[in-house]
Structure formats: structure tokens, C-alpha cells
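File shown: coords20.txt (compact mmCIF, C-alpha atoms).
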```
# COMPACT_ATOMS: atom_id res chain seq x y z
CA MET A 1 -6.55 25.72 -17.14
CA ILE A 2 -7.02 23.90 -13.83
CA LYS A 3 -10.12 22.18 -15.24
CA LEU A 4 -8.06 21.09 -18.23
CA ILE A 5 -5.37 19.70 -15.93
CA LYS A 6 -7.97 17.80 -13.91
CA TYR A 7 -9.38 16.35 -17.12
CA PHE A 8 -5.99 15.08 -18.28
CA GLU A 9 -4.80 14.06 -14.80
CA PRO A 10 -7.83 13.03 -12.72
CA SER A 11 -7.12 12.52 -9.02
CA LEU A 12 -7.36 9.07 -7.44
CA GLY A 13 -9.26 10.61 -4.53
CA THR A 14 -8.40 8.97 -1.24
CA GLN A 15 -5.77 6.84 -2.99
CA GLU A 16 -3.89 9.79 -4.49
CA LYS A 17 -1.54 10.34 -1.54
CA ALA A 18 -0.81 6.61 -1.22
CA TYR A 19 -0.10 6.43 -4.97
CA ARG A 20 2.32 9.36 -4.82
CA GLN A 21 4.04 7.99 -1.72
CA HIS A 22 4.34 4.55 -3.33
CA HIS A 23 6.23 6.00 -6.33
CA LEU A 24 8.08 8.76 -4.45
CA LYS A 25 11.48 7.05 -4.25
CA GLU A 26 11.26 5.89 -7.85
CA ASP A 27 10.28 9.43 -8.97
CA GLU A 28 13.09 11.01 -6.96
CA ASN A 29 15.67 8.67 -8.51
CA GLN A 30 14.36 9.50 -11.98
CA VAL A 31 14.48 13.25 -11.32
CA PHE A 32 17.90 12.89 -9.69
CA ALA A 33 19.33 11.39 -12.89
CA PHE A 34 17.90 14.19 -15.05
CA VAL A 35 19.00 16.99 -12.71
CA LEU A 36 22.48 15.46 -12.43
CA ILE A 37 22.83 15.38 -16.24
CA SER A 38 21.59 19.00 -16.44
CA THR A 39 24.06 20.05 -13.74
CA VAL A 40 26.99 18.36 -15.46
CA LEU A 41 26.08 19.84 -18.85
CA ASN A 42 25.72 23.35 -17.44
CA SER A 43 29.02 22.97 -15.60
CA ILE A 44 30.62 22.00 -18.93
CA PHE A 45 28.96 24.98 -20.67
CA LEU A 46 30.25 27.26 -17.90
CA ALA A 47 33.78 25.91 -18.30
CA ILE A 48 33.64 26.33 -22.10
CA GLU A 49 32.30 29.89 -21.83
CA ILE A 50 35.05 30.83 -19.36
CA TRP A 51 37.59 29.28 -21.73
CA ILE A 52 36.20 31.10 -24.79
CA PHE A 53 35.42 34.49 -23.27
CA ASN A 54 38.19 34.37 -20.70
CA GLN A 55 37.89 37.31 -18.29
CA GLN A 56 35.66 39.60 -20.36
CA LYS A 57 33.68 41.77 -17.96
CA GLU A 58 30.59 41.91 -20.20
CA VAL A 59 30.00 38.17 -19.82
CA PHE A 60 30.66 38.00 -16.08
CA ILE A 61 26.91 37.99 -15.42
CA LEU A 62 26.65 35.00 -17.77
CA TYR A 63 29.03 33.08 -15.53
CA LEU A 64 27.03 34.18 -12.50
CA ILE A 65 23.73 32.91 -13.97
CA ARG A 66 25.22 29.55 -14.91
CA GLY A 67 26.95 29.22 -11.54
CA ALA A 68 23.73 30.04 -9.66
CA PHE A 69 21.85 27.39 -11.61
CA VAL A 70 24.56 24.79 -10.93
CA ALA A 71 24.53 25.66 -7.21
CA LEU A 72 20.72 25.38 -7.08
CA SER A 73 20.89 22.03 -8.89
CA VAL A 74 23.48 20.67 -6.46
CA CYS A 75 21.26 21.68 -3.53
CA PHE A 76 18.31 19.98 -5.24
CA LEU A 77 20.35 16.80 -5.74
CA ILE A 78 21.25 16.70 -2.03
CA PHE A 79 17.59 17.28 -1.13
CA LEU A 80 16.44 14.42 -3.37
CA LYS A 81 18.64 11.95 -1.48
CA ARG A 82 17.21 12.98 1.88
CA ASN A 83 13.58 13.82 1.21
CA LYS A 84 10.70 11.50 2.16
CA GLU A 85 7.73 13.88 1.83
CA ILE A 86 5.60 14.34 -1.30
CA ILE A 87 4.81 18.00 -0.67
CA PHE A 88 8.48 18.96 -0.37
CA PHE A 89 9.34 16.99 -3.51
CA ASP A 90 6.64 18.87 -5.48
CA VAL A 91 7.71 22.29 -4.20
CA PHE A 92 11.46 21.82 -4.73
CA ALA A 93 10.94 20.22 -8.14
CA PHE A 94 8.70 23.14 -9.15
CA VAL A 95 11.30 25.70 -8.02
CA TRP A 96 14.02 23.90 -9.97
CA MET A 97 11.82 23.67 -13.08
CA LEU A 98 11.13 27.42 -12.89
CA SER A 99 14.87 28.08 -12.75
CA LEU A 100 15.28 26.58 -16.25
CA PRO A 101 13.19 29.14 -18.19
CA LEU A 102 14.55 31.93 -15.96
CA MET A 103 18.15 30.92 -16.67
CA SER A 104 17.42 30.56 -20.38
CA PHE A 105 15.77 33.98 -20.55
CA LEU A 106 18.53 35.79 -18.64
CA ILE A 107 21.33 34.16 -20.61
CA ARG A 108 19.74 35.27 -23.89
CA LEU A 109 19.37 38.81 -22.58
CA VAL A 110 23.02 39.17 -21.64
CA HIS A 111 24.60 37.05 -24.34
CA THR A 112 23.72 37.26 -28.02
CA SER A 113 25.09 34.21 -29.75
CA ASP A 114 25.69 33.53 -33.40
CA ILE A 115 23.06 31.98 -35.64
CA ASN A 116 24.41 28.42 -35.35
CA ALA A 117 24.41 28.55 -31.56
CA THR A 118 20.87 30.00 -31.68
CA TYR A 119 19.51 26.98 -33.54
CA VAL A 120 21.23 24.67 -31.06
CA THR A 121 19.61 26.61 -28.21
CA TYR A 122 16.12 26.01 -29.62
CA ILE A 123 16.86 22.31 -30.06
CA ILE A 124 17.87 22.23 -26.39
CA ASP A 125 14.61 24.01 -25.48
CA LEU A 126 12.61 21.37 -27.35
CA SER A 127 14.46 18.63 -25.46
CA ILE A 128 13.87 20.34 -22.12
CA ILE A 129 10.13 20.68 -22.83
CA PHE A 130 9.95 16.96 -23.55
CA CYS A 131 11.97 16.05 -20.43
CA LEU A 132 10.05 18.33 -18.07
CA PHE A 133 6.77 16.73 -19.03
CA LEU A 134 7.91 13.11 -19.12
CA ILE A 135 10.74 12.87 -16.57
CA ILE A 136 9.97 15.39 -13.80
CA SER A 137 7.22 13.39 -12.13
CA THR A 138 5.60 16.09 -10.04
CA THR A 139 1.98 17.15 -10.60
CA LEU A 140 0.85 17.91 -14.16
CA LEU A 141 -0.10 21.46 -13.11
CA TYR A 142 3.47 22.26 -12.03
CA ARG A 143 4.96 20.68 -15.15
CA THR A 144 2.57 22.56 -17.43
CA PHE A 145 3.27 25.91 -15.76
CA ALA A 146 7.04 25.44 -16.02
CA VAL A 147 6.84 24.40 -19.68
CA MET A 148 4.57 27.35 -20.49
CA LEU A 149 7.14 29.73 -19.01
CA LEU A 150 9.94 28.06 -20.97
CA THR A 151 7.93 28.17 -24.20
CA LEU A 152 6.94 31.82 -23.72
CA SER A 153 10.55 32.69 -22.89
CA SER A 154 11.74 30.98 -26.06
CA LEU A 155 9.06 32.68 -28.17
CA PHE A 156 9.91 36.09 -26.68
CA ASN A 157 13.58 35.54 -27.48
CA LEU A 158 12.70 34.27 -30.95
CA PHE A 159 10.55 37.22 -32.04
CA VAL A 160 11.88 40.09 -29.91
CA ILE A 161 15.56 39.52 -29.11
CA ASP A 162 16.93 37.22 -31.80
CA GLN A 163 17.83 39.09 -34.99
CA HIS A 164 19.69 36.27 -36.75
CA ILE A 165 16.74 34.17 -37.87
CA GLU A 166 14.45 35.05 -40.76
CA ILE A 167 10.67 35.28 -40.26
CA PRO A 168 9.74 31.98 -42.04
CA HIS A 169 12.27 30.13 -39.87
CA LYS A 170 10.96 31.88 -36.78
CA ILE A 171 7.42 30.72 -37.56
CA THR A 172 8.67 27.16 -38.09
CA ILE A 173 10.55 27.16 -34.78
CA ALA A 174 7.56 28.67 -32.96
CA LEU A 175 5.24 25.98 -34.36
CA MET A 176 7.73 23.31 -33.28
CA LEU A 177 7.90 24.73 -29.74
CA ILE A 178 4.13 24.91 -29.41
CA SER A 179 3.46 21.52 -31.01
CA MET A 180 6.15 19.85 -28.87
CA SER A 181 4.57 21.35 -25.74
CA ILE A 182 1.13 20.02 -26.72
CA ILE A 183 2.41 16.58 -27.73
CA ALA A 184 4.54 16.23 -24.59
CA PHE A 185 1.59 17.39 -22.46
CA ILE A 186 -0.72 14.72 -23.90
CA ALA A 187 1.95 12.00 -23.82
CA SER A 188 2.82 12.87 -20.23
CA SER A 189 -0.79 12.73 -19.07
CA ARG A 190 -1.31 9.37 -20.75
CA ILE A 191 1.86 7.83 -19.35
CA TYR A 192 1.24 8.95 -15.78
CA ASN A 193 -2.46 8.10 -15.96
CA TYR A 194 -1.48 4.65 -17.16
CA ARG A 195 0.80 4.39 -14.11
CA ARG A 196 -2.08 5.57 -11.92
CA ASN A 197 -4.33 2.87 -13.37
CA GLN A 198 -1.61 0.29 -12.78
CA TYR A 199 -1.43 1.34 -9.13
CA VAL A 200 -5.21 1.11 -8.71
CA THR A 201 -5.21 -2.32 -10.36
CA LYS A 202 -2.35 -3.41 -8.09
CA ILE A 203 -4.23 -2.27 -4.95
CA ARG A 204 -7.43 -3.97 -6.07
CA THR A 205 -5.55 -7.17 -6.89
CA GLU A 206 -3.83 -7.16 -3.49
CA LYS A 207 -7.17 -6.56 -1.80
CA LEU A 208 -8.76 -9.44 -3.70
CA MET A 209 -5.82 -11.69 -2.84
CA ASP A 210 -6.15 -10.78 0.84
CA GLU A 211 -9.88 -11.51 0.69
CA LEU A 212 -9.20 -14.86 -0.99
CA LYS A 213 -6.61 -15.75 1.65
CA LEU A 214 -9.03 -14.76 4.38
CA PHE A 215 -11.82 -16.73 2.70
CA ALA A 216 -9.56 -19.78 2.51
CA LYS A 217 -8.96 -19.55 6.28
CA THR A 218 -12.45 -18.58 7.44
CA ASP A 219 -15.64 -20.50 8.04
CA PHE A 220 -18.27 -18.84 5.86
CA LEU A 221 -21.13 -19.17 8.39
CA THR A 222 -19.57 -18.17 11.70
CA GLY A 223 -16.66 -16.00 10.51
CA ILE A 224 -14.14 -17.86 12.68
CA THR A 225 -11.22 -19.99 11.53
CA ASN A 226 -12.11 -23.05 9.45
CA ARG A 227 -10.81 -26.58 10.05
CA ARG A 228 -7.81 -26.35 7.72
CA GLU A 229 -6.47 -23.16 9.33
CA PHE A 230 -7.25 -24.39 12.84
CA ILE A 231 -5.28 -27.62 12.29
CA ARG A 232 -2.40 -25.57 10.85
CA ARG A 233 -2.37 -23.42 14.00
CA LEU A 234 -2.54 -26.54 16.13
CA ASP A 235 0.41 -27.99 14.21
CA ASP A 236 2.39 -24.79 14.87
CA GLU A 237 1.73 -25.12 18.61
CA CYS A 238 2.82 -28.77 18.51
CA LYS A 239 6.10 -27.75 16.85
CA LYS A 240 6.68 -25.06 19.46
CA TYR A 241 6.13 -27.65 22.17
CA SER A 242 8.57 -30.00 20.46
CA ARG A 243 11.26 -27.31 20.22
CA TYR A 244 10.75 -25.15 23.28
CA GLN A 245 8.45 -27.22 25.52
CA ASN A 246 5.78 -24.50 25.31
CA THR A 247 2.86 -26.32 26.84
CA PHE A 248 -0.74 -25.69 25.77
CA SER A 249 -4.20 -27.20 26.07
CA LEU A 250 -6.79 -28.12 23.45
CA ALA A 251 -10.55 -28.10 23.97
CA ILE A 252 -13.12 -29.61 21.61
CA PHE A 253 -16.68 -28.20 21.84
CA ASP A 254 -19.87 -29.85 20.67
CA LEU A 255 -23.30 -28.19 20.79
CA ASP A 256 -25.88 -30.32 22.54
CA LYS A 257 -29.17 -31.06 20.76
CA LEU A 258 -28.35 -29.03 17.63
CA LYS A 259 -29.93 -31.71 15.43
CA MET A 260 -33.17 -31.42 17.39
CA ILE A 261 -33.15 -27.63 16.95
CA ASN A 262 -32.60 -28.02 13.21
CA ASP A 263 -35.39 -30.60 12.92
CA GLN A 264 -37.94 -28.65 14.99
CA LEU A 265 -37.19 -25.02 14.11
CA GLY A 266 -35.25 -25.28 10.87
CA HIS A 267 -31.61 -24.94 9.94
CA HIS A 268 -31.76 -21.15 10.15
CA ALA A 269 -32.41 -21.53 13.91
CA GLY A 270 -29.42 -23.89 14.19
CA ASP A 271 -27.29 -21.37 12.32
CA ILE A 272 -28.29 -18.63 14.76
CA VAL A 273 -27.32 -20.84 17.70
CA LEU A 274 -23.95 -21.67 16.09
CA LYS A 275 -23.21 -17.98 15.50
CA LYS A 276 -24.20 -17.08 19.05
CA VAL A 277 -21.90 -19.70 20.57
CA CYS A 278 -19.03 -18.45 18.40
CA GLU A 279 -19.77 -14.88 19.43
CA ILE A 280 -19.64 -15.78 23.13
CA VAL A 281 -16.41 -17.80 22.85
CA SER A 282 -14.72 -15.18 20.65
CA MET A 283 -15.65 -12.47 23.12
CA THR A 284 -14.46 -14.48 26.13
CA GLN A 285 -11.24 -16.06 24.84
CA ARG A 286 -7.82 -14.49 25.45
CA GLU A 287 -5.92 -12.76 22.66
CA THR A 288 -3.44 -15.64 22.53
CA ASP A 289 -6.17 -18.30 22.25
CA HIS A 290 -7.35 -19.55 18.89
CA PHE A 291 -10.93 -20.64 18.17
CA GLY A 292 -12.05 -22.50 15.06
CA ARG A 293 -14.85 -24.57 13.57
CA LEU A 294 -13.90 -28.18 12.90
CA GLY A 295 -17.12 -29.03 11.13
CA GLY A 296 -20.87 -29.18 11.79
CA ASP A 297 -21.47 -28.33 15.44
CA GLU A 298 -17.92 -29.16 16.56
CA PHE A 299 -15.42 -26.46 17.47
CA GLY A 300 -11.86 -26.32 18.78
CA LEU A 301 -10.10 -23.91 21.12
CA ILE A 302 -6.31 -23.76 21.48
CA LEU A 303 -5.08 -22.28 24.78
CA PRO A 304 -1.31 -21.56 24.51
CA PHE A 305 0.88 -21.57 27.65
CA THR A 306 -2.03 -23.06 29.61
CA LEU A 307 -1.91 -26.10 31.89
CA LEU A 308 -4.88 -28.47 31.97
CA LYS A 309 -6.19 -27.21 35.31
CA GLU A 310 -6.05 -23.57 34.12
CA ALA A 311 -7.76 -24.55 30.86
CA VAL A 312 -10.62 -26.27 32.69
CA SER A 313 -11.13 -23.18 34.84
CA ALA A 314 -11.27 -20.92 31.77
CA LEU A 315 -13.61 -23.31 29.94
CA ASN A 316 -15.96 -23.41 32.91
CA ARG A 317 -16.43 -19.65 32.58
CA ILE A 318 -17.11 -19.99 28.86
CA LYS A 319 -19.53 -22.90 29.43
CA LYS A 320 -21.45 -20.92 32.04
CA MET A 321 -21.82 -17.93 29.71
CA ILE A 322 -23.14 -20.19 26.94
CA HIS A 323 -25.58 -21.99 29.27
CA ASP A 324 -26.83 -18.67 30.68
CA GLU A 325 -27.61 -17.35 27.18
CA VAL A 326 -31.14 -17.76 25.81
CA VAL A 327 -31.59 -17.33 22.06
CA LEU A 328 -34.94 -16.16 20.73
CA VAL A 329 -35.82 -17.56 17.28
CA ASP A 330 -39.27 -17.05 15.73
CA GLY A 331 -40.81 -16.66 19.16
CA HIS A 332 -39.10 -19.78 20.54
CA GLN A 333 -36.61 -19.57 23.40
CA ILE A 334 -33.60 -21.81 22.92
CA GLN A 335 -31.48 -22.71 25.93
CA MET A 336 -28.00 -23.43 24.65
CA ALA A 337 -25.66 -26.09 26.04
CA VAL A 338 -22.25 -27.46 25.10
CA SER A 339 -20.15 -30.49 25.93
CA ILE A 340 -16.40 -30.01 26.10
CA GLY A 341 -13.44 -32.34 26.10
CA VAL A 342 -10.07 -30.85 27.03
CA VAL A 343 -6.51 -32.19 27.10
CA GLU A 344 -3.00 -30.87 27.70
CA ILE A 345 -0.23 -31.77 25.27
CA ASN A 346 2.30 -34.34 26.38
CA GLY A 347 5.31 -36.12 24.97
CA GLU A 348 3.19 -38.85 23.35
CA ASP A 349 1.38 -36.38 21.06
CA LYS A 350 3.40 -36.43 17.83
CA GLU A 351 0.81 -34.89 15.51
CA PRO A 352 -2.20 -32.54 15.82
CA ASP A 353 -4.48 -35.53 15.15
CA ASP A 354 -3.20 -37.22 18.33
CA LEU A 355 -4.37 -34.27 20.42
CA VAL A 356 -7.71 -34.02 18.62
CA ARG A 357 -8.29 -37.73 19.09
CA ARG A 358 -7.66 -37.53 22.84
CA ALA A 359 -9.84 -34.43 23.22
CA ASP A 360 -12.61 -36.14 21.23
CA GLU A 361 -12.56 -39.11 23.60
CA PHE A 362 -13.23 -36.80 26.55
CA LEU A 363 -15.90 -34.98 24.51
CA TYR A 364 -17.71 -38.27 23.80
CA GLN A 365 -17.45 -39.09 27.49
CA ALA A 366 -19.15 -35.77 28.33
CA LYS A 367 -21.90 -36.52 25.79
CA ARG A 368 -22.45 -40.01 27.20
CA MET A 369 -22.85 -38.52 30.66
CA GLY A 370 -25.75 -36.32 29.51
CA GLY A 371 -23.92 -33.36 27.94
CA GLY A 372 -23.58 -29.81 29.18
CA ARG A 373 -20.32 -30.60 30.97
CA ILE A 374 -16.51 -30.57 30.69
CA GLU A 375 -14.48 -33.78 30.78
CA SER A 376 -10.72 -34.13 31.11
CA SER A 377 -8.16 -36.42 32.68
CA ILE A 378 -8.39 -34.61 36.02
CA VAL A 379 -11.94 -33.44 36.41
CA GLY A 380 -15.47 -33.96 35.14
CA GLU A 381 -18.14 -31.30 35.65
```
Could you show the structure in this file as C-alpha cells?
Amino acid sequence: MIKLIKYFEPSLGTQEKAYRQHHLKEDENQVFAFVLISTVLNSIFLAIEIWIFNQQKEVFILYLIRGAFVALSVCFLIFLKRNKEIIFFDVFAFVWMLSLPLMSFLIRLVHTSDINATYVTYIIDLSIIFCLFLIISTTLLYRTFAVMLLTLSSLFNLFVIDQHIEIPHKITIALMLISMSIIAFIASSRIYNYRRNQYVTKIRTEKLMDELKLFAKTDFLTGITNRREFIRRLDDECKKYSRYQNTFSLAIFDLDKLKMINDQLGHHAGDIVLKKVCEIVSMTQRETDHFGRLGGDEFGLILPFTLLKEAVSALNRIKKMIHDEVVLVDGHQIQMAVSIGVVEINGEDKEPDDLVRRADEFLYQAKRMGGGRIESSIVGE
């Protein structure tokens, strides 16, 4: 039976718990509505039975069974509004589902109804079978077990206890109970598997969207921020400065002699050098800093809450680490070097381009002076 259940309701593996948790509140609301209707109906049945049978001692146990079911249902309703755990939802739902066939069986033992009421009872059983499979959204194993008990209880009552119905009618009712159980089982598995597939598709779509967003922000070669995202971040910092006077500095890097490396050793060697520089800067920068590739061998570094003098000091450490690194490519040792221009934002910088333009001017100055140095408005090294 368990193999059959697994066939009709295959697990999502590592995603199963996330799937169940994602739909937990929705499932609890759905079950709450069904249990509330069942509770109200049984309360009405209890009131009618008390009205009809009044204080007859022989049906007192009937009142007790109905009352116990109503009390259990009320407790279940309270639980559904407070629960946040899947395992507790499954267990409590299973207990409540088991109470249905138990109540039905006990009521039929202590109270023999007339033939018209008997037919109505079997119609109700058919409805409950359908609802347990399609509305109580616990595991298929629990639903199947509860429905099997209800079906067996109904069949036992039909062929052993009930004396009102003729044999041909009993066979017809039995076939209806069994066929409804099978149909509801298959329909339930298909509906909930369709929901499972929807969840998997949703997760995959979200993952693809996240990857696309990341791809749109990332330089494909170095893995750092691309120009568009870097300028957006720079614009955010400019707006913060405009509103709150949060000062920051901007550095523009340029790799020295990258063209010569590409020409002599090939572009793959240049790519290795670019990646190595990005690795060093990314490892050295602060968590609040933002590093990005502006294009070719030019990079930018935003240093929030950093004055120019502090920025130059931090950039000197980065420059030294880059200059101390030797990259080995196809047996050739490549000594890396960078030129850096750095500026601090001021009131004249209205747009990100204004800052980039000023930093570029200092970068070109560093290149003109032989490269491998930092240039700013206060110091040249």
C-alpha cells in the first residue's frame, strides 16, 4: 500500500518540506472551513435528535458520541488557527479524520434508523469520502487510511447491521462506496500532484529570474558588478550625499600594460590578470565598499563614509598587494601594476558622471607619470 501511495504521490525530495510549509496556511484555512461546516452540521443533528428523542435513556449514548465529536472538532478548529508546524497539522488532521468513521460506526451501533434515514446516511458517507480526499490536504497516506476505515465501517453496517435494505440495493451502495473511494483517490492524487508541479515550476522560475537579475548586474568574466550596476550604486551614494551629506570617495583603477600582455601572451593571459586583480581587490575591500568593472581594464571602487585621505591610505594597501603579486601564465611570470585616480565627492558633483570624470582625470595623470601610482587632489604616489 505504501508503494502505491508513493506512486500516486511521489515526494519532492529536499523540496517536500518547503512545499508543505509554503501551502500550510492555505491548507489550514481550507481544512478549517470543512471542519467548521462539519461541526455546525453535527451540532444541528445533535439538537434535532435531542428534540425528537427528548430524554430517552437508550439514546443518551448517541448524544454523548455527537457531543464528543463536536468538542473534538472545536479543539481542532482552535488548533488550526494557532498551528505553524507541518507535523502537528498532519497528526491532528489524521486524528480528526479517524474520528469520522469511528463516530459513524458507533452511532449506527446504538441507533437503528428507518430506511429513508439509512439512504441519507450513505449519501453523507459518499460526500465525506470525496471531501476527505480532496479537501483535507494532509498526506495521501493519512487520507487513504481514514477513507478506508470509513468505507469499511459503512460496508460493515450495510451488510451486517442494516436490515432495512434489500441485497441488490446493498450491492449497488457497496459498489458506489468503493468506486467513489477509488475515483476520489485518483482525483486527489492528480490535483495535489498538479499543485506540487506548480510549486516546483514556481521555484525554478524564481531561481531563473534571480539568475537573470544577477547576470544583468554581473560582469561575465570577473564575476564582479558590471558598469550598469556600478553606476546605479554610485548614483545611490550621490543621492545619499545630497540628502544626508554622507560623504564617500571614488577610485578608478586601470591595469598598466594589459594591451602588451594581450599582444605577447594572448588574451587568455590578460583575462587571468584581470581576474587576479579583481580577486585581490574583492578580498581586500571592506564590506561597505563596492567594486565593479567599468569596461576593458578599467575598474571602479566606491568607498562609503570615507574621506579622501582615508581612501588614499586604503588604496595604497590594495595597490601594494597587487604589485606584490606575480601571476604565472604558460611559464611566464607577469608582474602586475595598476594606476589609480581617486576623488572625494563635493557639492559640485551633481551626477555620477561628474565624479567619474574627475577620477578619470587623476587616473590619466597617474598614467602620464609612468603608471603604478595613485593620484588625487592631495597626494601623488
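Rounded to one decimal, CA of Ile182 (chain A) and CA of Glu9 (chain A) lie 14.6 Å from each other.
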Counting only C-alpha atoms, the option among A:Asn157, A:Ser137, A:Ser73, A:Gln245 closest to Val40 (chain A): A:Ser73
Near Ser104 (chain A), counting all atoms listed in the file, which residues have an atom at most 10 Å away, once you skip same-chain residues fewer than 5 positions from it, shown as number ranges by chain? A: 65-66, 99, 109, 121, 125, 150, 153-154, 157
Counting all atoms listed in the file, what is within 10 Å of Asp254 (chain A), bar same-chain residues fewer than 4 positions away, as an MDAnalysis selection string? chainID A and resid 258 294:300 337:341 360 363:364 366:367 371:372
With C-alpha atoms retained, write the just-selected residues as a short mmCIF file (atom, residue, chain, number, x, y, z; two decimals), in the coordinates of the input.
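As written to disk, again-v8.cif reads:
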```
data_model
loop_
_atom_site.label_atom_id
_atom_site.label_comp_id
_atom_site.auth_asym_id
_atom_site.auth_seq_id
_atom_site.Cartn_x
_atom_site.Cartn_y
_atom_site.Cartn_z
CA LEU A 258 -28.35 -29.03 17.63
CA LEU A 294 -13.90 -28.18 12.90
CA GLY A 295 -17.12 -29.03 11.13
CA GLY A 296 -20.87 -29.18 11.79
CA ASP A 297 -21.47 -28.33 15.44
CA GLU A 298 -17.92 -29.16 16.56
CA PHE A 299 -15.42 -26.46 17.47
CA GLY A 300 -11.86 -26.32 18.78
CA ALA A 337 -25.66 -26.09 26.04
CA VAL A 338 -22.25 -27.46 25.10
CA SER A 339 -20.15 -30.49 25.93
CA ILE A 340 -16.40 -30.01 26.10
CA GLY A 341 -13.44 -32.34 26.10
CA ASP A 360 -12.61 -36.14 21.23
CA LEU A 363 -15.90 -34.98 24.51
CA TYR A 364 -17.71 -38.27 23.80
CA ALA A 366 -19.15 -35.77 28.33
CA LYS A 367 -21.90 -36.52 25.79
CA GLY A 371 -23.92 -33.36 27.94
CA GLY A 372 -23.58 -29.81 29.18
#
```
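Compared by their closest atoms to Phe305 (chain A), and using all atoms listed in the file, the residues A:Thr288, A:Thr247, A:Ser282, A:Asn262 rank with A:Thr247 nearest.
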Quick one: 4 Å padding each side, axis-aligned, all listed atoms of region 337-352 of chain A - centre and edge lengths in Å to one decimal, as lines of an AutoDock Vina configuration file?
```
center_x = -10.2
center_y = -32.5
center_z = 21.6
size_x = 39.0
size_y = 20.8
size_z = 20.2
```
Would you write out, as JSON lines, a table of all residues in region 324-360 of chain A that have an atom no more than 12 Å from an atom of region 223-236 of chain A, listing for each the closest atom pair and the distance in Å to one decimal, considering only C-alpha atoms and ordering rows by chain and rising residue number?
```
{"residue": "A:Ile345", "atom": "CA", "partner": "A:Leu234", "partner_atom": "CA", "distance": 10.8}
{"residue": "A:Asp349", "atom": "CA", "partner": "A:Asp235", "partner_atom": "CA", "distance": 10.9}
{"residue": "A:Lys350", "atom": "CA", "partner": "A:Asp235", "partner_atom": "CA", "distance": 9.7}
{"residue": "A:Glu351", "atom": "CA", "partner": "A:Asp235", "partner_atom": "CA", "distance": 7.0}
{"residue": "A:Pro352", "atom": "CA", "partner": "A:Asp235", "partner_atom": "CA", "distance": 5.5}
{"residue": "A:Asp353", "atom": "CA", "partner": "A:Ile231", "partner_atom": "CA", "distance": 8.4}
{"residue": "A:Asp354", "atom": "CA", "partner": "A:Asp235", "partner_atom": "CA", "distance": 10.7}
{"residue": "A:Leu355", "atom": "CA", "partner": "A:Leu234", "partner_atom": "CA", "distance": 9.0}
{"residue": "A:Val356", "atom": "CA", "partner": "A:Ile231", "partner_atom": "CA", "distance": 9.3}
```
